[in-house]
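Colleague: Supplied structure: upload_29.txt, compact mmCIF, C-alpha atoms.
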# COMPACT_ATOMS: atom_id res chain seq x y z
CA MET A 12 0.00 0.00 0.00
CA GLN A 13 2.80 2.42 0.72
CA ASN A 14 4.49 2.15 -2.67
CA LEU A 15 5.51 5.49 -4.08
CA LEU A 16 4.25 6.18 -7.59
CA LEU A 17 6.13 9.45 -7.73
CA GLN A 18 9.09 10.65 -5.76
CA VAL A 19 10.68 14.05 -6.22
CA LYS A 20 13.82 15.17 -4.42
CA GLY A 21 15.45 18.59 -4.46
CA LEU A 22 13.70 19.64 -7.64
CA SER A 23 14.45 23.22 -8.64
CA LYS A 24 14.20 25.54 -11.59
CA ASN A 25 15.26 29.16 -11.85
CA PHE A 26 13.59 31.79 -13.95
CA ASN A 27 14.38 35.50 -14.14
CA THR A 28 11.71 36.51 -11.70
CA PHE A 29 10.71 33.23 -10.11
CA LYS A 30 12.35 30.25 -8.49
CA LEU A 31 10.66 26.90 -8.04
CA GLY A 32 11.94 24.69 -5.24
CA PRO A 33 14.05 23.06 -4.15
CA LEU A 34 11.12 20.81 -3.36
CA ASP A 35 10.47 17.24 -2.28
CA LEU A 36 7.28 15.42 -3.09
CA TYR A 37 6.07 11.89 -2.37
CA VAL A 38 2.97 10.44 -3.96
CA LYS A 39 1.82 7.22 -2.30
CA GLN A 40 -0.20 4.55 -4.01
CA GLY A 41 -3.94 4.83 -3.35
CA ILE A 42 -3.73 8.48 -2.33
CA VAL A 43 -5.08 11.67 -3.89
CA THR A 44 -2.79 14.62 -3.25
CA GLY A 45 -4.24 18.11 -3.59
CA LEU A 46 -1.88 20.82 -4.73
CA VAL A 47 -3.07 24.17 -3.44
CA GLY A 48 -1.60 27.64 -3.80
CA ALA A 49 -2.24 31.11 -5.11
CA ASN A 50 -1.94 31.87 -8.84
CA GLY A 51 1.72 32.02 -9.73
CA SER A 52 2.83 29.83 -6.82
CA GLY A 53 4.41 27.29 -9.19
CA LYS A 54 1.84 24.53 -9.63
CA THR A 55 1.90 24.48 -13.41
CA THR A 56 5.70 24.78 -13.51
CA LEU A 57 5.90 21.74 -11.27
CA PHE A 58 3.71 19.74 -13.68
CA ARG A 59 5.82 20.87 -16.64
CA LEU A 60 8.98 19.69 -14.91
CA LEU A 61 7.41 16.36 -13.98
CA MET A 62 6.27 15.80 -17.56
CA LYS A 63 9.70 16.80 -18.93
CA LEU A 64 8.17 19.63 -20.92
CA MET A 65 10.89 21.68 -19.31
CA LYS A 66 14.30 20.74 -17.95
CA GLU A 67 15.00 21.07 -14.24
CA ASP A 68 18.14 22.84 -12.99
CA ALA A 69 18.62 20.31 -10.22
CA GLY A 70 16.87 17.41 -8.53
CA HIS A 71 15.64 13.90 -9.14
CA ILE A 72 12.28 12.64 -10.34
CA GLN A 73 11.33 9.00 -9.96
CA PHE A 74 8.17 7.57 -11.45
CA PHE A 75 7.06 4.13 -10.21
CA GLY A 76 10.22 3.70 -8.17
CA ARG A 77 12.65 4.06 -11.05
CA ASN A 78 14.99 6.61 -12.51
CA TRP A 79 14.17 6.92 -16.19
CA THR A 80 16.76 8.11 -18.63
CA GLU A 81 15.75 11.08 -20.72
CA ASN A 82 15.10 9.27 -23.97
CA GLU A 83 13.05 6.56 -22.43
CA SER A 84 9.43 7.57 -22.37
CA THR A 85 7.73 4.32 -21.34
CA TRP A 86 6.84 5.83 -17.95
CA LYS A 87 4.57 8.24 -19.80
CA GLU A 88 2.40 5.30 -20.82
CA LYS A 89 1.33 4.99 -17.19
CA VAL A 90 0.87 8.70 -16.53
CA GLY A 91 -2.24 10.65 -17.48
CA TYR A 92 -1.52 14.35 -17.71
CA ALA A 93 -4.27 16.90 -18.14
CA GLY A 94 -2.47 20.15 -18.75
CA GLU A 95 -1.08 21.66 -21.88
CA LEU A 96 -0.53 18.50 -23.86
CA LEU A 97 -2.91 19.30 -26.70
CA ASP A 98 -2.05 22.96 -27.22
CA ALA A 99 0.60 22.16 -29.82
CA TYR A 100 -2.00 20.55 -32.08
CA ASP A 101 -4.90 22.86 -31.40
CA PHE A 102 -5.64 23.40 -35.12
CA LEU A 103 -6.83 19.77 -35.36
CA PRO A 104 -10.39 18.53 -34.85
CA ILE A 105 -10.76 16.31 -31.79
CA LYS A 106 -11.14 13.10 -33.81
CA GLU A 107 -7.86 13.87 -35.61
CA LEU A 108 -6.20 14.58 -32.28
CA LYS A 109 -7.28 11.15 -31.18
CA LYS A 110 -5.84 9.52 -34.32
CA LEU A 111 -2.57 11.32 -33.65
CA ILE A 112 -2.28 10.62 -29.94
CA SER A 113 -3.77 7.16 -29.47
CA PRO A 114 -0.87 5.31 -31.19
CA TRP A 115 1.51 6.76 -28.58
CA TYR A 116 -0.07 4.46 -26.03
CA PRO A 117 -0.14 0.67 -26.31
CA ASN A 118 -3.02 0.52 -23.82
CA TRP A 119 -5.20 3.10 -25.54
CA ASN A 120 -8.84 2.21 -24.91
CA ASN A 121 -11.05 3.42 -27.71
CA GLN A 122 -14.27 2.33 -26.04
CA GLN A 123 -13.36 4.42 -23.04
CA PHE A 124 -12.68 7.38 -25.33
CA GLU A 125 -16.04 7.06 -27.02
CA TYR A 126 -17.85 6.57 -23.74
CA LEU A 127 -16.25 9.66 -22.19
CA SER A 128 -16.73 11.81 -25.30
CA LYS A 129 -20.45 11.06 -25.14
CA ARG A 130 -20.60 11.49 -21.37
CA TYR A 131 -19.09 14.97 -21.67
CA GLN A 132 -20.91 15.77 -24.92
CA ILE A 133 -17.79 16.50 -26.94
CA ASN A 134 -18.27 17.28 -30.61
CA LEU A 135 -15.45 15.29 -32.21
CA GLU A 136 -15.64 17.29 -35.43
CA GLU A 137 -14.78 20.54 -33.65
CA LYS A 138 -11.26 21.93 -33.77
CA TYR A 139 -9.63 22.00 -30.35
CA GLU A 140 -8.76 25.71 -30.67
CA LYS A 141 -12.41 26.56 -31.37
CA CYS A 142 -13.64 24.96 -28.16
CA SER A 143 -14.50 27.00 -25.08
CA ASN A 144 -12.07 26.91 -22.15
CA GLY A 145 -14.32 24.57 -20.20
CA THR A 146 -14.71 22.20 -23.14
CA LYS A 147 -10.93 22.17 -23.66
CA LYS A 148 -10.55 21.15 -20.02
CA LYS A 149 -12.99 18.30 -20.51
CA ILE A 150 -11.11 17.13 -23.62
CA ASP A 151 -7.78 17.26 -21.75
CA PHE A 152 -9.38 15.22 -19.00
CA ILE A 153 -10.67 12.59 -21.43
CA PHE A 154 -7.28 12.23 -23.11
CA ALA A 155 -5.62 11.78 -19.72
CA LEU A 156 -7.93 8.87 -18.84
CA CYS A 157 -7.98 6.72 -21.98
CA HIS A 158 -4.66 4.87 -21.85
CA ASP A 159 -5.10 3.07 -18.55
CA PRO A 160 -2.77 5.30 -16.49
CA SER A 161 -1.72 4.50 -12.91
CA LEU A 162 -1.00 8.09 -12.01
CA LEU A 163 -2.97 11.18 -12.99
CA LEU A 164 -1.40 14.62 -12.98
CA LEU A 165 -4.26 17.08 -13.26
CA ASP A 166 -3.69 20.80 -13.50
CA GLU A 167 -6.93 22.49 -12.46
CA PRO A 168 -9.01 20.02 -14.45
CA THR A 169 -12.37 21.64 -13.69
CA ALA A 170 -11.47 25.32 -14.20
CA GLY A 171 -14.25 26.84 -16.29
CA VAL A 172 -16.15 23.54 -16.48
CA ASP A 173 -19.94 23.51 -16.01
CA ILE A 174 -21.52 22.19 -12.81
CA VAL A 175 -22.85 18.91 -14.21
CA SER A 176 -19.56 18.02 -15.90
CA ARG A 177 -17.69 18.88 -12.72
CA ARG A 178 -19.81 16.39 -10.83
CA LYS A 179 -19.17 13.78 -13.51
CA MET A 180 -15.43 14.40 -13.38
CA LYS A 181 -15.50 13.96 -9.64
CA GLU A 182 -17.34 10.65 -10.06
CA ASP A 183 -14.87 9.50 -12.71
CA LEU A 184 -11.94 10.31 -10.46
CA ILE A 185 -13.50 8.47 -7.52
CA ARG A 186 -14.01 5.48 -9.80
CA PHE A 187 -10.41 5.77 -10.99
CA MET A 188 -9.24 5.54 -7.37
CA GLU A 189 -11.59 2.70 -6.46
CA ASP A 190 -9.04 -0.14 -6.69
CA ASP A 191 -6.66 1.58 -4.25
CA GLU A 192 -3.67 1.07 -6.52
CA LYS A 193 -3.60 4.33 -8.41
CA SER A 194 -2.84 7.90 -7.42
CA ILE A 195 -3.73 11.43 -8.42
CA VAL A 196 -1.97 14.75 -8.04
CA LEU A 197 -4.64 17.40 -8.39
CA ALA A 198 -3.92 21.12 -8.58
CA THR A 199 -7.10 22.91 -7.60
CA HIS A 200 -8.65 26.11 -6.29
CA THR A 201 -11.95 24.39 -5.56
CA ILE A 202 -12.68 23.61 -1.92
CA ASP A 203 -15.26 20.98 -2.90
CA GLU A 204 -12.59 19.03 -4.76
CA ILE A 205 -10.27 19.17 -1.78
CA ASN A 206 -13.04 18.00 0.53
CA GLN A 207 -14.42 15.28 -1.68
CA LEU A 208 -11.34 13.95 -3.45
CA CYS A 209 -8.09 14.67 -1.65
CA ASP A 210 -6.40 12.69 1.12
CA GLU A 211 -3.30 14.79 1.46
CA ILE A 212 -2.79 18.45 0.84
CA ILE A 213 0.32 20.28 -0.24
CA VAL A 214 0.39 24.05 -0.08
CA LEU A 215 2.69 25.80 -2.50
CA ASP A 216 3.74 29.40 -1.99
CA SER A 217 6.26 31.30 -4.15
CA GLY A 218 7.67 28.07 -5.54
CA LYS A 219 8.10 26.35 -2.19
CA ILE A 220 6.08 23.73 -0.35
CA ILE A 221 5.09 25.53 2.84
CA HIS A 222 2.74 22.87 4.23
CA SER A 223 2.13 19.22 3.65
CA TYR A 224 -0.69 17.55 5.55
CA ASN A 225 -2.92 14.58 5.82
CA LYS A 226 -6.37 16.14 5.54
CA ASP A 227 -7.66 14.58 8.76
CA ASP A 228 -4.78 16.06 10.75
CA ILE A 229 -6.08 19.46 9.74
CA TYR A 230 -9.49 18.58 11.16
CA ASP A 231 -7.98 17.18 14.33
CA ASN A 232 -5.50 19.97 15.01
CA TRP A 233 -7.18 23.15 13.86
CA ALA A 234 -10.07 24.58 15.83
CA ARG A 235 -11.83 27.73 16.85
CA VAL A 236 -12.13 27.91 20.62
CA TRP A 237 -14.34 30.31 22.56
CA ILE A 238 -12.74 31.02 25.93
CA SER A 239 -13.56 32.71 29.22
CA ASN A 240 -10.84 35.34 28.85
CA LEU A 241 -7.98 36.17 26.55
CA THR A 242 -4.57 36.74 28.13
CA GLN A 243 -1.48 38.34 26.62
CA ASP A 244 0.41 35.04 26.80
CA LEU A 245 -2.30 33.38 24.81
CA LYS A 246 -2.29 36.11 22.16
CA ASN A 247 1.45 35.62 21.70
CA HIS A 248 1.40 31.83 21.73
CA PRO A 249 2.88 30.32 18.55
CA ASN A 250 -0.06 27.91 18.17
CA VAL A 251 -2.59 30.73 18.33
CA ILE A 252 -3.03 31.79 14.73
CA HIS A 253 -5.75 34.35 15.18
CA TYR A 254 -7.82 35.87 17.97
CA GLU A 255 -10.88 38.04 18.44
CA LEU A 256 -11.95 39.93 21.53
CA THR A 257 -15.74 39.93 21.42
CA PRO A 258 -16.58 37.32 22.38
CA PRO A 259 -13.09 36.10 23.29
CA GLN A 260 -12.04 33.40 20.84
CA ILE A 261 -8.92 32.05 19.23
CA VAL A 262 -7.99 29.93 16.26
CA THR A 263 -5.34 27.31 16.91
CA ASN A 264 -3.37 24.97 14.68
CA HIS A 265 -2.57 22.59 17.52
CA MET A 266 -5.52 21.71 19.72
CA ASP A 267 -3.67 19.38 22.13
CA GLU A 268 -0.97 21.92 22.84
CA LEU A 269 -3.55 24.64 23.30
CA GLU A 270 -5.54 22.58 25.78
CA SER A 271 -2.56 22.26 28.08
CA VAL A 272 -1.90 26.00 27.81
CA LEU A 273 -5.50 26.77 28.73
CA GLN A 274 -5.25 24.47 31.70
CA ALA A 275 -1.99 26.03 32.88
CA GLU A 276 -3.45 29.54 32.61
CA GLN A 277 -6.75 28.45 34.15
CA ILE A 278 -8.79 29.62 31.21
CA THR A 279 -12.07 27.80 30.54
CA SER A 280 -12.85 26.70 27.04
CA LEU A 281 -16.54 27.35 26.42
CA GLN A 282 -16.92 25.81 23.02
CA VAL A 283 -14.72 24.17 20.43
CA GLN A 284 -15.49 24.05 16.74
CA ARG A 285 -13.61 22.42 13.92
CA LEU A 286 -12.64 24.76 11.11
CA SER A 287 -13.77 24.29 7.54
CA MET A 288 -11.09 23.36 5.03
CA GLU A 289 -11.56 26.75 3.41
CA GLU A 290 -10.84 28.63 6.62
CA VAL A 291 -7.77 26.53 7.38
CA LEU A 292 -6.28 27.01 3.92
CA GLU A 293 -6.85 30.74 4.09
CA TYR A 294 -5.05 30.92 7.43
CA ILE A 295 -2.19 28.78 6.16
CA ILE A 296 -1.70 30.81 3.01
CA GLU A 297 -2.20 34.19 4.62
CA TYR A 298 -0.12 33.76 7.76
CA SER A 299 2.79 31.77 6.43
CA MET B 19 -25.13 4.46 -2.04
CA ARG B 20 -25.24 6.95 0.80
CA ILE B 21 -25.58 6.15 4.48
CA PRO B 22 -26.75 8.72 7.00
CA ILE B 23 -23.53 9.60 8.79
CA GLN B 24 -22.24 12.98 9.76
CA VAL B 25 -18.97 14.23 11.11
CA SER B 26 -19.68 16.69 13.89
CA GLU B 27 -18.03 20.09 13.84
CA GLU B 28 -18.21 20.35 17.59
CA ASN B 29 -17.18 16.84 18.54
CA ARG B 30 -13.49 16.57 19.33
CA GLU B 31 -13.39 12.81 18.90
CA PRO B 32 -11.28 11.62 15.97
CA ILE B 33 -13.30 11.26 12.78
CA TYR B 34 -12.65 7.52 12.38
CA HIS B 35 -14.16 6.93 15.82
CA GLN B 36 -17.23 9.09 15.16
CA VAL B 37 -17.91 7.25 11.92
CA GLU B 38 -17.33 3.87 13.54
CA THR B 39 -19.78 4.62 16.36
CA GLN B 40 -22.42 5.89 13.95
CA ILE B 41 -22.19 2.88 11.64
CA LYS B 42 -22.41 0.55 14.64
CA ALA B 43 -25.51 2.41 15.84
CA LEU B 44 -27.10 2.12 12.38
CA ILE B 45 -26.37 -1.60 12.29
CA VAL B 46 -27.58 -2.51 15.77
CA GLY B 47 -30.57 -0.21 15.38
CA GLY B 48 -31.63 -2.22 12.34
CA LYS B 49 -31.26 0.72 9.95
CA LEU B 50 -28.63 -1.23 8.04
CA PRO B 51 -29.81 -4.86 8.04
CA PRO B 52 -27.40 -7.77 7.35
CA GLY B 53 -26.39 -7.94 3.71
CA THR B 54 -26.71 -4.20 3.11
CA PRO B 55 -23.89 -3.02 0.86
CA LEU B 56 -21.76 -0.19 2.27
CA PRO B 57 -20.02 2.49 0.21
CA SER B 58 -16.39 1.86 -0.72
CA ILE B 59 -13.76 3.50 1.47
CA ARG B 60 -13.11 6.00 -1.32
CA ALA B 61 -16.80 6.89 -1.78
CA LEU B 62 -17.35 7.19 1.97
CA ALA B 63 -14.30 9.42 2.36
CA SER B 64 -15.69 11.62 -0.41
CA ASP B 65 -19.12 11.86 1.24
CA LEU B 66 -17.65 12.71 4.63
CA GLY B 67 -14.88 14.98 3.40
CA CYS B 68 -12.20 12.97 5.14
CA SER B 69 -9.27 10.94 3.78
CA VAL B 70 -9.31 7.27 2.79
CA ILE B 71 -6.82 6.67 5.57
CA THR B 72 -9.60 7.43 8.04
CA THR B 73 -12.35 5.44 6.33
CA ARG B 74 -10.02 2.48 5.82
CA ARG B 75 -9.26 2.48 9.54
CA THR B 76 -12.97 2.66 10.33
CA TYR B 77 -13.78 -0.31 8.10
CA GLN B 78 -10.85 -2.30 9.47
CA ASN B 79 -12.12 -1.78 13.01
CA LEU B 80 -15.71 -2.62 12.07
CA GLN B 81 -14.50 -5.74 10.31
CA ALA B 82 -12.38 -6.81 13.29
CA ASP B 83 -15.42 -6.31 15.54
CA GLY B 84 -17.54 -8.50 13.26
CA PHE B 85 -19.97 -5.82 12.06
CA ILE B 86 -19.07 -5.87 8.39
CA GLN B 87 -17.29 -8.08 5.92
CA THR B 88 -15.49 -7.33 2.70
CA ILE B 89 -15.91 -9.74 -0.19
CA GLN B 90 -13.10 -9.47 -2.69
CA GLY B 91 -14.29 -7.90 -5.91
CA LYS B 92 -17.83 -7.36 -4.62
CA GLY B 93 -17.58 -4.80 -1.88
CA THR B 94 -18.30 -4.37 1.79
CA PHE B 95 -21.50 -5.63 3.45
CA VAL B 96 -23.19 -5.61 6.84
CA ARG B 97 -22.70 -8.97 8.56
CA GLU B 98 -25.22 -11.19 10.25
CA MET B 99 -24.85 -10.93 14.02
CA GLU B 100 -26.02 -13.13 16.90
CA SER B 101 -28.80 -11.54 18.90
CA THR B 102 -26.86 -11.59 22.18
CA ARG B 103 -24.03 -9.58 20.63
CA MET B 104 -26.55 -7.25 19.07
CA GLU B 105 -28.15 -6.66 22.48
CA LYS B 106 -24.77 -6.04 24.09
CA THR B 107 -23.79 -3.52 21.42
CA LYS B 108 -27.11 -1.71 21.76
CA GLN B 109 -26.44 -1.37 25.47
CA LYS B 110 -22.97 -0.08 24.79
CA VAL B 111 -24.03 2.53 22.25
CA VAL B 112 -26.65 4.00 24.57
CA TYR B 113 -24.38 3.79 27.60
CA GLU B 114 -21.65 5.70 25.78
CA ALA B 115 -24.10 8.37 24.63
CA PHE B 116 -25.24 9.01 28.22
CA GLU B 117 -21.67 8.96 29.43
CA LYS B 118 -20.78 11.66 26.92
CA ALA B 119 -23.80 13.82 27.80
CA ILE B 120 -22.89 13.70 31.48
CA GLN B 121 -19.29 14.60 30.76
CA GLN B 122 -20.52 17.65 28.92
CA GLY B 123 -22.81 18.58 31.78
CA LYS B 124 -19.89 18.36 34.20
CA GLN B 125 -17.80 20.49 31.90
CA VAL B 126 -20.23 23.40 32.11
CA GLY B 127 -20.51 22.92 35.86
CA PHE B 128 -23.92 21.30 36.32
CA SER B 129 -24.63 19.34 39.49
CA LYS B 130 -25.99 15.80 39.75
CA GLU B 131 -29.43 17.23 40.56
CA ASP B 132 -29.35 19.64 37.58
CA MET B 133 -28.63 16.78 35.26
CA LYS B 134 -31.23 14.48 36.78
CA ALA B 135 -33.83 17.21 36.24
CA ILE B 136 -32.82 17.62 32.61
CA PHE B 137 -32.83 13.87 32.13
CA SER B 138 -36.36 13.42 33.44
CA THR B 139 -37.62 16.38 31.36
CA ILE B 140 -36.20 14.82 28.20
CA ILE B 141 -37.59 11.40 29.10
CA LYS B 142 -41.02 12.94 29.66
CA LYS B 143 -40.88 14.87 26.41
CA ASN B 144 -39.94 11.79 24.41
CA PHE B 145 -42.20 9.19 26.00
CA THR B 146 -45.50 10.92 26.83
CA ASN B 147 -46.45 12.07 23.34
CA GLY B 148 -47.17 8.65 21.94
CA GLY B 149 -43.43 7.76 21.87
Let's see the structure in the file written out as structure tokens.

Modeller:
Amino acid sequence: MQNLLLQVKGLSKNFNTFKLGPLDLYVKQGIVTGLVGANGSGKTTLFRLLMKLMKEDAGHIQFFGRNWTENESTWKEKVGYAGELLDAYDFLPIKELKKLISPWYPNWNNQQFEYLSKRYQINLEEKYEKCSNGTKKKIDFIFALCHDPSLLLLDEPTAGVDIVSRRKMKEDLIRFMEDDEKSIVLATHTIDEINQLCDEIIVLDSGKIIHSYNKDDIYDNWARVWISNLTQDLKNHPNVIHYELTPPQIVTNHMDELESVLQAEQITSLQVQRLSMEEVLEYIIEYS
Amino acid sequence: MRIPIQVSEENREPIYHQVETQIKALIVGGKLPPGTPLPSIRALASDLGCSVITTRRTYQNLQADGFIQTIQGKGTFVREMESTRMEKTKQKVVYEAFEKAIQQGKQVGFSKEDMKAIFSTIIKKNFTNGG
């Protein structure tokens, strides 16, 4: 169960105005990892480096427990990437895109392609470049899923996608994960996707991983606590992320630690409430 | 395939334990009779907004306690249970619920008498009106 499908060590890339990494990343089998971060935090750059669309300055990338030499692209047969793969051929109609791309993959499943094209109501005669942004996203998604991949790398797969298709994509991803042997790395800005799909969450800020969590640890550790009185010590405590005076309440990122502080200072906790994922992520991104 | 479970925002118990207790209560209360299929660990995690690590742990515990069984390739189902075990578990579920309520009462500083008064009010409310 704890096989790593993807392992990244010390990966870095310098640009004129931006530096990604060095960063480490481990993607376990059976786990969906959510990649969260503001626009420009480096999510897409990370995907480009992983897919070798761009060369890293330093670091190692291992897919499926192996180092692959640069010319050997067999690992790509087991990776489904929904990002910028189709942009280079955007003048082609979708059915021509399929003819071009399907021979790259020995496990290409045409039935799956037809099923998904119908499910997402894709007009195969349409040129990719003429499609709306949301439709392009759906097409990228379909192409990522049709060659029996073990690992999906999805760069904001539902951005601009309509509500019904979003729900279908969520269902398809849950089905993809059903056998517990595959993994997904999902860059997203959508709280619903984090809640309903992700097991682990990585927060990227200015090219660096600033937090890496199991989602349930967030629920267990973060809380809003209403208290009898707010002391100076409590305001300054490193595990108190935020406080308000009326009524006295604090937000903590370490409930156990906080409980012992409250006891030591003889402060009564009146009520404890878990934070929503949205609140926690905002605190993490804003106060880091 | 949804089952009526909810993770409480105010309950500080770990999620896996909350879910375990609720599924047990549904089973012994007859809401999920033997043979009922349960959602996969992935689908349940999605419904509850938790990780599969948590739902897997829940199912492992329920399986070890004999409440559910997983059939390879078919899914997870509620198991048949002997009536004595069922009775024991019913007792335990209710006992734990009272235990928790009293702990909360103590926390806000209620006395034994305060809590007895509340208890009899609730009993009256629930059992006089045809309940």

Colleague: Do you have the CA of Tyr230 (chain A)-CA of Asp191 (chain A) distance handy?

Modeller: 23.1 Å

Colleague: I'd like a table as CSV: residues in chain A with an atom no more than 9 Å from chain B, each row giving the shortest atom pair and its distance in Å to one decimal, all atoms listed in the file counted, sorted by chain and rising residue number.

Modeller:
residue,atom,partner,partner_atom,distance
A:Gly41,CA,B:Val70,CA,8.5
A:Ile42,CA,B:Val70,CA,7.7
A:Val43,CA,B:Ser69,CA,8.8
A:Ile185,CA,B:Arg60,CA,6.7
A:Arg186,CA,B:Arg60,CA,8.5
A:Met188,CA,B:Arg60,CA,7.2
A:Glu189,CA,B:Arg60,CA,6.3
A:Asp191,CA,B:Arg60,CA,8.4
A:Asp203,CA,B:Gly67,CA,8.7
A:Ile205,CA,B:Gly67,CA,8.1
A:Asn206,CA,B:Gly67,CA,4.6
A:Gln207,CA,B:Ser64,CA,4.1
A:Leu208,CA,B:Ser64,CA,5.8
A:Cys209,CA,B:Ser69,CA,6.7
A:Asp210,CA,B:Ser69,CA,4.3
A:Glu211,CA,B:Ser69,CA,7.5
A:Asn225,CA,B:Ser69,CA,7.6
A:Lys226,CA,B:Ser69,CA,6.2
A:Asp227,CA,B:Cys68,CA,6.0
A:Tyr230,CA,B:Ile33,CA,8.4
A:Asp231,CA,B:Pro32,CA,6.7
A:Leu281,CA,B:Val126,CA,7.8
A:Gln282,CA,B:Glu28,CA,7.8
A:Val283,CA,B:Glu28,CA,5.9
A:Gln284,CA,B:Glu28,CA,4.7
A:Arg285,CA,B:Glu27,CA,5.0
A:Leu286,CA,B:Glu27,CA,7.6
A:Ser287,CA,B:Glu27,CA,8.7

Colleague: In Å, how far is it from CA of Glu125 (chain A) to CA of Cys142 (chain A)?

Modeller: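 CA of Cys142 (chain A) lies at a distance of 18.1 Å from CA of Glu125 (chain A).
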
Colleague: Near Leu36 (chain A), within 9 Å and counting all atoms listed in the file, which residues show up once chain neighbours fewer than 5 positions away are dropped, as a PDB file with C-alpha atoms, in the frame of the given file?

Modeller:
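What ended up in part36.pdb:
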ATOM      1  CA  LEU A  17       6.130   9.450  -7.730  1.00  0.00           C
ATOM      2  CA  GLN A  18       9.090  10.650  -5.760  1.00  0.00           C
ATOM      3  CA  VAL A  19      10.680  14.050  -6.220  1.00  0.00           C
ATOM      4  CA  LYS A  20      13.820  15.170  -4.420  1.00  0.00           C
ATOM      5  CA  GLY A  21      15.450  18.590  -4.460  1.00  0.00           C
ATOM      6  CA  LEU A  22      13.700  19.640  -7.640  1.00  0.00           C
ATOM      7  CA  ILE A 213       0.320  20.280  -0.240  1.00  0.00           C
ATOM      8  CA  ILE A 220       6.080  23.730  -0.350  1.00  0.00           C
TER       9      ILE A 220
END

Colleague: So the first atom is CA of Gly45 (chain A) and the second is CA of His222 (chain A); what is the distance between them in Å, to one decimal place?

Modeller: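 Computed distance, CA of Gly45 (chain A) to CA of His222 (chain A), equals 11.5 Å.
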
Colleague: Please define a box with edges along x, y and z of the file around all atoms of region 19-38 of chain B given in the file, extend it by 6 Å on each side, and return its centre and edge lengths in Å to one decimal, as AutoDock Vina command-line options.

Modeller:
--center_x -19.0 --center_y 12.1 --center_z 8.6 --size_x 27.5 --size_y 28.5 --size_z 33.4

Colleague: Between A:Asn120, A:Thr146, A:Asn264, A:Asn78, which one has atoms that come closest to Ile295 (chain A), using all atoms listed in the file?

Modeller: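 Closest residue, counting all atoms listed in the file: A:Asn264.
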
Colleague: With a distance cut-off of 12 Å and all atoms listed in the file, select the neighbouring residues of Glu38 (chain B), excluding the residue or stretch itself and same-chain residues fewer than 2 positions from it, and output the selection as a PyMOL selection string.

Modeller: chain B and resi 23-25+31-36+40-45+72-83+85-86+111

Colleague: Which residues are close to Tyr139 (chain A), i.e. within 7 Å by all atoms listed in the file, leaving aside same-chain residues fewer than 6 positions away? Reply as a tab-separated table (two decimals) with C-alpha atoms, in the frame of the given file.

Modeller:
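Produced file out17.tsv, reproduced below:
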chain	number	residue	atom	x	y	z
A	101	ASP	CA	-4.90	22.86	-31.40
A	102	PHE	CA	-5.64	23.40	-35.12
A	103	LEU	CA	-6.83	19.77	-35.36
A	104	PRO	CA	-10.39	18.53	-34.85
A	105	ILE	CA	-10.76	16.31	-31.79
A	147	LYS	CA	-10.93	22.17	-23.66

Colleague: With only C-alpha atoms as the atoms that count, which of A:Ser194, A:Thr257, A:Asn240, A:Ser217 lies nearest to Val47 (chain A)?

Modeller: A:Ser217

Colleague: For a cut-off of 12 Å around (-17.2, 31.5, -15.7), file coordinates, pick out all residues using all atoms listed in the file and list them as a PyMOL selection string.

Modeller: chain A and resi 143-145+169-174

Colleague: Could I see region 218-227 of chain A restored to N, CA and C atoms, set down as an mmCIF file, in the frame of the given file?

Modeller:
data_model
loop_
_atom_site.group_PDB
_atom_site.id
_atom_site.type_symbol
_atom_site.label_atom_id
_atom_site.label_comp_id
_atom_site.auth_asym_id
_atom_site.auth_seq_id
_atom_site.Cartn_x
_atom_site.Cartn_y
_atom_site.Cartn_z
ATOM 1 N N GLY A 218 6.781 29.125 -5.064
ATOM 2 C CA GLY A 218 7.670 28.070 -5.540
ATOM 3 C C GLY A 218 8.137 27.081 -4.495
ATOM 4 N N LYS A 219 7.675 27.265 -3.252
ATOM 5 C CA LYS A 219 8.100 26.350 -2.190
ATOM 6 C C LYS A 219 6.885 25.644 -1.563
ATOM 7 N N ILE A 220 7.136 24.422 -1.095
ATOM 8 C CA ILE A 220 6.080 23.730 -0.350
ATOM 9 C C ILE A 220 6.116 24.256 1.080
ATOM 10 N N ILE A 221 5.066 24.973 1.488
ATOM 11 C CA ILE A 221 5.090 25.530 2.840
ATOM 12 C C ILE A 221 4.338 24.651 3.830
ATOM 13 N N HIS A 222 3.439 23.795 3.333
ATOM 14 C CA HIS A 222 2.740 22.870 4.230
ATOM 15 C C HIS A 222 2.416 21.596 3.484
ATOM 16 N N SER A 223 2.456 20.509 4.222
ATOM 17 C CA SER A 223 2.130 19.220 3.650
ATOM 18 C C SER A 223 1.423 18.418 4.732
ATOM 19 N N TYR A 224 0.159 18.097 4.490
ATOM 20 C CA TYR A 224 -0.690 17.550 5.550
ATOM 21 C C TYR A 224 -1.480 16.358 5.081
ATOM 22 N N ASN A 225 -1.782 15.475 6.004
ATOM 23 C CA ASN A 225 -2.920 14.580 5.820
ATOM 24 C C ASN A 225 -4.160 15.401 6.170
ATOM 25 N N LYS A 226 -5.209 15.270 5.368
ATOM 26 C CA LYS A 226 -6.370 16.140 5.540
ATOM 27 C C LYS A 226 -6.998 16.004 6.929
ATOM 28 N N ASP A 227 -7.007 14.793 7.464
ATOM 29 C CA ASP A 227 -7.660 14.580 8.760
ATOM 30 C C ASP A 227 -6.878 15.212 9.907
#
